[in-house]
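One structure is given below, encoded as structure tokens.
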Amino acid sequence: MKGPLDRSKVVLRHLPPTISQSMLVEQVDSRFTGRYNWFSFLPGKSSQKHQTYSRAYIEFKRPEDVIEFAEFFDGHVFVNEKGKENLA
């Protein structure tokens, strides 16, 4: 079994339902270009009755990148194209 410092996969939960994959990739790539193996995105849905958050999965090349990613994105504020802010 892998220890906490050997893990390279990250799950981003509770992302704003309005965030697009391209917007998220742009923000991740601004600091982590070339430092991950794969990226998967599940878009959320927002309606008057129900809201489903977006999710993303990232596998980094090195466990050290996971720690840096967590420190960088902890408390990150996402702003959609309408100017609404969402805290990660």
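Every chain in the structure tokens has a letter given in the order shown (A, B, ...), and although residue numbers restart at 1 in each chain, ligands are simply numbered from 1 in the order shown.
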Practice prompt. Write out as a VMD selection string all residues of range 5-85 of chain A that DSSP puts in helix (DSSP H, G or I) for this structure's backbone.
Written response: chain A and resid 21 to 32 63 to 73
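Using only C-alpha atoms, the contacts of range 31-45 of chain A at a cut-off of 6 Å, with sequence neighbours closer than 5 positions omitted, comprise Pro17, Gln51, Thr52, Tyr53, Ser54, Arg55, Ala56, Tyr57, Ile58, Glu59, Phe60 and Lys61 of chain A.
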Practice prompt. Using CA of Met23 in chain A and CA of Pro63 in chain A as the two end points, give the distance in Å to one decimal.
Written response: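 Going from CA of Met23 in chain A over to CA of Pro63 in chain A, I get 24.3 Å.
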DSSP on the backbone, then: every residue of chain A marked strand (DSSP E), written as an mmCIF file with C-alpha atoms, in the first residue's frame.
data_model
loop_
_atom_site.group_PDB
_atom_site.id
_atom_site.type_symbol
_atom_site.label_atom_id
_atom_site.label_comp_id
_atom_site.auth_asym_id
_atom_site.auth_seq_id
_atom_site.Cartn_x
_atom_site.Cartn_y
_atom_site.Cartn_z
ATOM 1 C CA LYS A 9 -3.567 11.255 -7.829
ATOM 2 C CA VAL A 10 -5.741 14.207 -6.843
ATOM 3 C CA VAL A 11 -9.520 14.571 -6.839
ATOM 4 C CA LEU A 12 -10.903 18.115 -6.998
ATOM 5 C CA ARG A 13 -14.425 18.075 -5.570
ATOM 6 C CA HIS A 14 -17.023 20.772 -5.071
ATOM 7 C CA LEU A 15 -15.847 22.800 -8.055
ATOM 8 C CA TYR A 36 0.830 15.640 -14.748
ATOM 9 C CA ASN A 37 0.134 12.484 -16.754
ATOM 10 C CA TRP A 38 -3.615 12.757 -17.225
ATOM 11 C CA PHE A 39 -6.572 14.966 -16.452
ATOM 12 C CA SER A 40 -10.262 13.999 -16.359
ATOM 13 C CA PHE A 41 -13.168 16.417 -15.884
ATOM 14 C CA LEU A 42 -16.839 15.808 -15.017
ATOM 15 C CA LYS A 45 -25.124 20.983 -13.471
ATOM 16 C CA SER A 46 -27.020 23.885 -12.034
ATOM 17 C CA GLN A 51 -26.988 21.767 -8.122
ATOM 18 C CA THR A 52 -24.285 19.210 -8.938
ATOM 19 C CA SER A 54 -18.027 19.724 -11.102
ATOM 20 C CA ARG A 55 -15.171 17.311 -10.380
ATOM 21 C CA ALA A 56 -11.706 16.757 -11.787
ATOM 22 C CA TYR A 57 -9.123 14.019 -11.434
ATOM 23 C CA ILE A 58 -5.418 14.627 -11.981
ATOM 24 C CA GLU A 59 -2.509 12.201 -11.819
ATOM 25 C CA PHE A 60 0.764 13.990 -11.252
ATOM 26 C CA VAL A 77 -11.267 31.409 -5.601
ATOM 27 C CA PHE A 78 -12.721 30.556 -8.994
ATOM 28 C CA VAL A 79 -14.418 33.389 -10.874
ATOM 29 C CA GLU A 85 -16.803 33.930 -7.121
ATOM 30 C CA ASN A 86 -16.654 30.360 -5.817
ATOM 31 C CA LEU A 87 -14.226 29.162 -3.172
#
Worksheet, complete the sentence: Computed gap from CA of Val28 in chain A to CA of Phe73 in chain A is 8.9 Å
Response to the item:
Students should find that CA of Leu24 in chain A and CA of Gly75 in chain A are spaced 14.9 Å
Worksheet item: Which of these, A:Ser47, A:Glu26, A:Arg7, A:Ser20, has the shortest distance to Asp65 in chain A once you count only C-alpha atoms?
Response: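 Distance minimum relative to Asp65 in chain A lands on A:Arg7.
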